2 protein chains.
Amino acid sequence: MSDSKSKLTIDINAERESPTRTTVETRGFELTVDETEEMGGTNKGPNPLEYLLVAQAGCLNVTGQQIATEMDLEINQLEIAIEGDFNQSAFAGDDDDRTGLQDITVTMDVDADADDETIRTWAQRVEERCPVSDNVKNETAVQLSVDP
Amino acid sequence: MSDSKSKLTIDINAERESPTRTTVETRGFELTVDETEEMGGTNKGPNPLEYLLVAQAGCLNVTGQQIATEMDLEINQLEIAIEGDFNQSAFAGDDDDRTGLQDITVTMDVDADADDETIRTWAQRVEERCPVSDNVKNETAVQLSVDP
């Protein structure tokens, strides 16, 4: 990465507590990821794909503010609903389909001091700029190393 | 999606608490996403990109168990570190680079009842099957609708 870019490294450290439960630490925050009892877990926290959508929702809000500032509009209220479909058979290895979320839909309910067309332009720019949406929509290389 | 697939819908509902802080609800769990004070936030929770890596870590653990069961090996301990680079200038609109995490690296420290080559095969399969890794590595369409 060139020197002209203001790079920030994001990192987490995770530990397996059980076959389904993971404790994740980041900057002093500790989070629990788990699976529901139906999925063989202990339901001590949201599941991984729910965390993915939590990330996207939080990101759309922050990005929403960034774009609103650029467009000089005021957001009074914002609600975001996100859903996607998970193919359990693919995860179980019984199906060649992809395992990640499919058919992700984001619905934003916005109250802002702007006309409808401006708000639609704002929403489009938010979705394009949002870092987590970028990682979901586009390819990102992941390098894996394992220490057996 | 065909009837042969066992589809599970994952969903969240989020509300803007402030320009940087979002409260997200999923299946009765409530999470707070925020930005650090340096980024203009109130640091009441991890930031969106940290949540993305939390999702991936939790997912690698659960997927790790799935693959271990398929390969008939026992995992005694697993630690996962993930990091990626965020280009703040791109987010601010000052740079044409992508805004999502780049150069994501996953490091797995595994203690399992298997030889090193088997563990490397296990890790490779985990990374390939992991739903969140799939969403990060490959393209996924996101449909946006806005209610002004």
# chains A, B, ... in the order shown; residues from 1 in each chain; ligands from 1
>>> residues_around(residues="Met71 in chain B", least_positions_apart="3", cutoff="12 Å", atoms="only C-alpha atoms", output="number ranges by chain")
B: 64-68, 74-75, 112-114, 118-119, 121-123, 125-126
>>> write_last_selection(atoms="C-alpha atoms", output="compact mmCIF listing (two decimals), in the first residue's frame")
# COMPACT_ATOMS: atom_id res chain seq x y z
CA GLY B 64 -13.80 -26.21 11.65
CA GLN B 65 -15.93 -28.58 13.71
CA GLN B 66 -18.02 -29.55 10.67
CA ILE B 67 -14.93 -30.46 8.63
CA ALA B 68 -13.29 -32.19 11.63
CA GLU B 74 -10.63 -34.24 17.10
CA ILE B 75 -9.88 -30.57 17.71
CA ALA B 112 -5.76 -31.52 16.95
CA ASP B 113 -5.28 -35.27 17.03
CA ALA B 114 -3.83 -35.48 13.52
CA THR B 118 -3.93 -33.67 7.74
CA ILE B 119 -4.32 -30.45 9.72
CA THR B 121 -5.87 -30.23 4.57
CA TRP B 122 -8.47 -29.61 7.29
CA ALA B 123 -7.63 -25.86 7.37
CA ARG B 125 -11.32 -27.26 3.59
CA VAL B 126 -12.51 -25.10 6.49
>>> residues_around(residues="Asn61 in chain A", least_positions_apart="5", cutoff="10 Å", atoms="only C-alpha atoms", output="VMD selection string")
(chain A and resid 56 66 to 67 78 to 80 108 126 130) or (chain B and resid 14 to 22 33 to 34 48)
>>> select_by_dssp(residues="range 29-81 of chain A", states="strand (DSSP E)", output="list in words")
Phe29, Glu30, Leu31, Thr32, Val33, Ile75, Asn76, Gln77, Leu78, Glu79, Ile80 and Ala81 of chain A
>>> closest_residue(among="B:Gln88, B:Thr36, B:Thr26, B:Thr107", to="Arg120 in chain B", atoms="only C-alpha atoms")
B:Thr107
>>> closest_residue(among="A:Leu8, A:Val54, A:Ala141, A:Val146", to="Val24 in chain B", atoms="only C-alpha atoms")
A:Val54
>>> closest_residue(among="A:Asn87, A:Gly41, A:Asp94, A:Glu25", to="chain B", atoms="only C-alpha atoms")
A:Asn87
>>> select_by_dssp(residues="range 1-147 of chain A", states="helix (DSSP H, G or I)", output="mmCIF file with N, CA and C atoms, in the first residue's frame")
data_model
loop_
_atom_site.group_PDB
_atom_site.id
_atom_site.type_symbol
_atom_site.label_atom_id
_atom_site.label_comp_id
_atom_site.auth_asym_id
_atom_site.auth_seq_id
_atom_site.Cartn_x
_atom_site.Cartn_y
_atom_site.Cartn_z
ATOM 1 N N GLU A 37 -29.530 -23.898 19.494
ATOM 2 C CA GLU A 37 -29.596 -25.302 19.921
ATOM 3 C C GLU A 37 -29.997 -26.200 18.751
ATOM 4 N N GLU A 38 -30.856 -25.697 17.855
ATOM 5 C CA GLU A 38 -31.258 -26.475 16.667
ATOM 6 C C GLU A 38 -30.049 -26.797 15.788
ATOM 7 N N MET A 39 -29.052 -25.909 15.810
ATOM 8 C CA MET A 39 -27.837 -26.108 14.995
ATOM 9 C C MET A 39 -26.730 -26.780 15.809
ATOM 10 N N PRO A 48 -22.604 -16.629 13.336
ATOM 11 C CA PRO A 48 -21.656 -15.879 12.492
ATOM 12 C C PRO A 48 -22.324 -15.051 11.393
ATOM 13 N N LEU A 49 -23.331 -15.603 10.719
ATOM 14 C CA LEU A 49 -23.960 -14.855 9.628
ATOM 15 C C LEU A 49 -24.781 -13.684 10.160
ATOM 16 N N GLU A 50 -25.323 -13.819 11.374
ATOM 17 C CA GLU A 50 -25.994 -12.675 11.997
ATOM 18 C C GLU A 50 -24.965 -11.573 12.282
ATOM 19 N N TYR A 51 -23.782 -11.957 12.767
ATOM 20 C CA TYR A 51 -22.719 -10.957 12.993
ATOM 21 C C TYR A 51 -22.331 -10.251 11.692
ATOM 22 N N LEU A 52 -22.320 -10.992 10.594
ATOM 23 C CA LEU A 52 -21.999 -10.372 9.299
ATOM 24 C C LEU A 52 -23.001 -9.263 8.964
ATOM 25 N N LEU A 53 -24.285 -9.536 9.205
ATOM 26 C CA LEU A 53 -25.316 -8.521 8.913
ATOM 27 C C LEU A 53 -25.284 -7.377 9.934
ATOM 28 N N VAL A 54 -24.893 -7.677 11.181
ATOM 29 C CA VAL A 54 -24.700 -6.618 12.189
ATOM 30 C C VAL A 54 -23.613 -5.653 11.696
ATOM 31 N N ALA A 55 -22.526 -6.236 11.190
ATOM 32 C CA ALA A 55 -21.419 -5.425 10.657
ATOM 33 C C ALA A 55 -21.906 -4.525 9.524
ATOM 34 N N GLN A 56 -22.685 -5.108 8.620
ATOM 35 C CA GLN A 56 -23.160 -4.339 7.465
ATOM 36 C C GLN A 56 -24.101 -3.212 7.897
ATOM 37 N N ALA A 57 -24.987 -3.504 8.855
ATOM 38 C CA ALA A 57 -25.935 -2.481 9.331
ATOM 39 C C ALA A 57 -25.193 -1.318 9.987
ATOM 40 N N GLY A 58 -24.242 -1.633 10.860
ATOM 41 C CA GLY A 58 -23.476 -0.575 11.532
ATOM 42 C C GLY A 58 -22.695 0.256 10.539
ATOM 43 N N CYS A 59 -22.196 -0.422 9.526
ATOM 44 C CA CYS A 59 -21.399 0.238 8.492
ATOM 45 C C CYS A 59 -22.248 1.171 7.635
ATOM 46 N N LEU A 60 -23.460 0.734 7.308
ATOM 47 C CA LEU A 60 -24.349 1.569 6.497
ATOM 48 C C LEU A 60 -24.724 2.843 7.261
ATOM 49 N N ASN A 61 -24.870 2.740 8.583
ATOM 50 C CA ASN A 61 -25.181 3.946 9.354
ATOM 51 C C ASN A 61 -24.019 4.949 9.323
ATOM 52 N N VAL A 62 -22.819 4.486 9.637
ATOM 53 C CA VAL A 62 -21.657 5.398 9.647
ATOM 54 C C VAL A 62 -21.429 5.984 8.253
ATOM 55 N N THR A 63 -21.536 5.118 7.246
ATOM 56 C CA THR A 63 -21.348 5.591 5.872
ATOM 57 C C THR A 63 -22.471 6.560 5.496
ATOM 58 N N GLY A 64 -23.657 6.291 6.005
ATOM 59 C CA GLY A 64 -24.806 7.182 5.771
ATOM 60 C C GLY A 64 -24.513 8.584 6.248
ATOM 61 N N GLN A 65 -23.846 8.679 7.413
ATOM 62 C CA GLN A 65 -23.498 9.999 7.939
ATOM 63 C C GLN A 65 -22.434 10.670 7.068
ATOM 64 N N GLN A 66 -21.443 9.878 6.650
ATOM 65 C CA GLN A 66 -20.370 10.417 5.794
ATOM 66 C C GLN A 66 -20.951 11.022 4.508
ATOM 67 N N ILE A 67 -21.832 10.264 3.861
ATOM 68 C CA ILE A 67 -22.422 10.749 2.596
ATOM 69 C C ILE A 67 -23.370 11.927 2.856
ATOM 70 N N ALA A 68 -24.100 11.871 3.968
ATOM 71 C CA ALA A 68 -25.012 12.985 4.305
ATOM 72 C C ALA A 68 -24.222 14.275 4.488
ATOM 73 N N THR A 69 -23.077 14.186 5.147
ATOM 74 C CA THR A 69 -22.220 15.359 5.345
ATOM 75 C C THR A 69 -21.754 15.894 3.988
ATOM 76 N N GLU A 70 -21.338 14.971 3.113
ATOM 77 C CA GLU A 70 -20.875 15.384 1.774
ATOM 78 C C GLU A 70 -21.998 16.046 0.968
ATOM 79 N N MET A 71 -23.246 15.550 1.146
ATOM 80 C CA MET A 71 -24.376 16.068 0.373
ATOM 81 C C MET A 71 -25.084 17.209 1.102
ATOM 82 N N GLN A 88 -28.308 -24.527 4.324
ATOM 83 C CA GLN A 88 -27.747 -25.452 5.328
ATOM 84 C C GLN A 88 -27.162 -26.716 4.698
ATOM 85 N N SER A 89 -27.784 -27.179 3.592
ATOM 86 C CA SER A 89 -27.290 -28.393 2.917
ATOM 87 C C SER A 89 -25.893 -28.185 2.347
ATOM 88 N N ALA A 90 -25.653 -26.984 1.817
ATOM 89 C CA ALA A 90 -24.323 -26.690 1.268
ATOM 90 C C ALA A 90 -23.295 -26.696 2.388
ATOM 91 N N PHE A 91 -23.663 -26.129 3.532
ATOM 92 C CA PHE A 91 -22.737 -26.107 4.675
ATOM 93 C C PHE A 91 -22.426 -27.533 5.149
ATOM 94 N N ASP A 116 -37.416 13.131 -1.878
ATOM 95 C CA ASP A 116 -37.276 11.683 -2.089
ATOM 96 C C ASP A 116 -36.149 11.342 -3.060
ATOM 97 N N GLU A 117 -36.017 12.117 -4.140
ATOM 98 C CA GLU A 117 -34.987 11.803 -5.127
ATOM 99 C C GLU A 117 -33.587 11.968 -4.522
ATOM 100 N N THR A 118 -33.416 13.014 -3.736
ATOM 101 C CA THR A 118 -32.120 13.227 -3.065
ATOM 102 C C THR A 118 -31.824 12.071 -2.109
ATOM 103 N N ILE A 119 -32.839 11.622 -1.391
ATOM 104 C CA ILE A 119 -32.643 10.515 -0.446
ATOM 105 C C ILE A 119 -32.276 9.234 -1.202
ATOM 106 N N ARG A 120 -32.881 9.006 -2.360
ATOM 107 C CA ARG A 120 -32.531 7.817 -3.152
ATOM 108 C C ARG A 120 -31.080 7.892 -3.646
ATOM 109 N N THR A 121 -30.667 9.098 -4.053
ATOM 110 C CA THR A 121 -29.263 9.295 -4.460
ATOM 111 C C THR A 121 -28.329 9.039 -3.279
ATOM 112 N N TRP A 122 -28.714 9.581 -2.121
ATOM 113 C CA TRP A 122 -27.934 9.362 -0.890
ATOM 114 C C TRP A 122 -27.783 7.858 -0.618
ATOM 115 N N ALA A 123 -28.888 7.121 -0.650
ATOM 116 C CA ALA A 123 -28.873 5.680 -0.340
ATOM 117 C C ALA A 123 -27.963 4.918 -1.302
ATOM 118 N N GLN A 124 -28.033 5.280 -2.567
ATOM 119 C CA GLN A 124 -27.194 4.621 -3.577
ATOM 120 C C GLN A 124 -25.711 4.861 -3.299
ATOM 121 N N ARG A 125 -25.383 6.090 -2.943
ATOM 122 C CA ARG A 125 -23.983 6.418 -2.647
ATOM 123 C C ARG A 125 -23.510 5.728 -1.375
ATOM 124 N N VAL A 126 -24.406 5.626 -0.397
ATOM 125 C CA VAL A 126 -24.066 4.957 0.865
ATOM 126 C C VAL A 126 -23.712 3.504 0.586
ATOM 127 N N GLU A 127 -24.550 2.858 -0.180
ATOM 128 C CA GLU A 127 -24.341 1.438 -0.482
ATOM 129 C C GLU A 127 -23.037 1.240 -1.261
ATOM 130 N N GLU A 128 -22.720 2.179 -2.145
ATOM 131 C CA GLU A 128 -21.485 2.070 -2.925
ATOM 132 C C GLU A 128 -20.231 2.316 -2.087
ATOM 133 N N ARG A 129 -20.333 3.191 -1.100
ATOM 134 C CA ARG A 129 -19.150 3.580 -0.316
ATOM 135 C C ARG A 129 -18.918 2.655 0.888
ATOM 136 N N PRO A 131 -17.884 0.199 3.459
ATOM 137 C CA PRO A 131 -16.811 -0.797 3.455
ATOM 138 C C PRO A 131 -17.296 -2.252 3.571
ATOM 139 N N VAL A 132 -18.215 -2.525 4.481
ATOM 140 C CA VAL A 132 -18.663 -3.923 4.641
ATOM 141 C C VAL A 132 -19.436 -4.369 3.396
ATOM 142 N N SER A 133 -20.271 -3.498 2.834
ATOM 143 C CA SER A 133 -20.968 -3.844 1.582
ATOM 144 C C SER A 133 -19.964 -4.132 0.478
ATOM 145 N N ASP A 134 -18.877 -3.357 0.444
ATOM 146 C CA ASP A 134 -17.811 -3.594 -0.545
ATOM 147 C C ASP A 134 -17.251 -5.007 -0.375
ATOM 148 N N ASN A 135 -16.945 -5.391 0.868
ATOM 149 C CA ASN A 135 -16.402 -6.737 1.096
ATOM 150 C C ASN A 135 -17.409 -7.844 0.747
ATOM 151 N N VAL A 136 -18.683 -7.569 0.929
ATOM 152 C CA VAL A 136 -19.706 -8.574 0.610
ATOM 153 C C VAL A 136 -19.927 -8.653 -0.903
ATOM 154 N N LYS A 137 -20.004 -7.511 -1.561
ATOM 155 C CA LYS A 137 -20.368 -7.493 -2.982
ATOM 156 C C LYS A 137 -19.230 -7.893 -3.906
#
>>> atom_distance(atom1="CA of Leu144 in chain B", atom2="CA of Gly84 in chain A")
12.2 Å
>>> decode(residues="range 35-55 of chain A", atoms="N, CA and C atoms", output="JSON list (two decimals), in the first residue's frame")
[["chain", "number", "residue", "atom", "x", "y", "z"],
["A", 35, "GLU", "N", -24.04, -20.92, 18.02],
["A", 35, "GLU", "CA", -25.11, -21.41, 17.16],
["A", 35, "GLU", "C", -26.34, -21.70, 18.04],
["A", 36, "THR", "N", -27.50, -21.71, 17.43],
["A", 36, "THR", "CA", -28.72, -22.06, 18.15],
["A", 36, "THR", "C", -28.67, -23.54, 18.57],
["A", 37, "GLU", "N", -29.53, -23.90, 19.49],
["A", 37, "GLU", "CA", -29.60, -25.30, 19.92],
["A", 37, "GLU", "C", -30.00, -26.20, 18.75],
["A", 38, "GLU", "N", -30.86, -25.70, 17.85],
["A", 38, "GLU", "CA", -31.26, -26.48, 16.67],
["A", 38, "GLU", "C", -30.05, -26.80, 15.79],
["A", 39, "MET", "N", -29.05, -25.91, 15.81],
["A", 39, "MET", "CA", -27.84, -26.11, 15.00],
["A", 39, "MET", "C", -26.73, -26.78, 15.81],
["A", 40, "GLY", "N", -27.09, -27.27, 17.00],
["A", 40, "GLY", "CA", -26.10, -27.98, 17.81],
["A", 40, "GLY", "C", -25.31, -27.12, 18.77],
["A", 41, "GLY", "N", -25.73, -25.86, 18.90],
["A", 41, "GLY", "CA", -24.99, -24.93, 19.76],
["A", 41, "GLY", "C", -25.65, -24.70, 21.10],
["A", 42, "THR", "N", -25.18, -23.65, 21.79],
["A", 42, "THR", "CA", -25.71, -23.33, 23.12],
["A", 42, "THR", "C", -26.37, -21.95, 23.16],
["A", 43, "ASN", "N", -26.48, -21.31, 21.99],
["A", 43, "ASN", "CA", -27.21, -20.05, 21.85],
["A", 43, "ASN", "C", -26.79, -18.95, 22.83],
["A", 44, "LYS", "N", -25.49, -18.86, 23.08],
["A", 44, "LYS", "CA", -24.99, -17.82, 23.99],
["A", 44, "LYS", "C", -24.74, -16.50, 23.28],
["A", 45, "GLY", "N", -24.95, -16.46, 21.98],
["A", 45, "GLY", "CA", -24.75, -15.23, 21.21],
["A", 45, "GLY", "C", -25.28, -15.42, 19.81],
["A", 46, "PRO", "N", -25.30, -14.35, 19.04],
["A", 46, "PRO", "CA", -25.71, -14.47, 17.63],
["A", 46, "PRO", "C", -24.80, -15.42, 16.87],
["A", 47, "ASN", "N", -25.27, -15.93, 15.75],
["A", 47, "ASN", "CA", -24.44, -16.82, 14.94],
["A", 47, "ASN", "C", -23.57, -16.00, 13.97],
["A", 48, "PRO", "N", -22.60, -16.63, 13.34],
["A", 48, "PRO", "CA", -21.66, -15.88, 12.49],
["A", 48, "PRO", "C", -22.32, -15.05, 11.39],
["A", 49, "LEU", "N", -23.33, -15.60, 10.72],
["A", 49, "LEU", "CA", -23.96, -14.85, 9.63],
["A", 49, "LEU", "C", -24.78, -13.68, 10.16],
["A", 50, "GLU", "N", -25.32, -13.82, 11.37],
["A", 50, "GLU", "CA", -25.99, -12.68, 12.00],
["A", 50, "GLU", "C", -24.97, -11.57, 12.28],
["A", 51, "TYR", "N", -23.78, -11.96, 12.77],
["A", 51, "TYR", "CA", -22.72, -10.96, 12.99],
["A", 51, "TYR", "C", -22.33, -10.25, 11.69],
["A", 52, "LEU", "N", -22.32, -10.99, 10.59],
["A", 52, "LEU", "CA", -22.00, -10.37, 9.30],
["A", 52, "LEU", "C", -23.00, -9.26, 8.96],
["A", 53, "LEU", "N", -24.29, -9.54, 9.21],
["A", 53, "LEU", "CA", -25.32, -8.52, 8.91],
["A", 53, "LEU", "C", -25.28, -7.38, 9.93],
["A", 54, "VAL", "N", -24.89, -7.68, 11.18],
["A", 54, "VAL", "CA", -24.70, -6.62, 12.19],
["A", 54, "VAL", "C", -23.61, -5.65, 11.70],
["A", 55, "ALA", "N", -22.53, -6.24, 11.19],
["A", 55, "ALA", "CA", -21.42, -5.43, 10.66],
["A", 55, "ALA", "C", -21.91, -4.53, 9.52]]
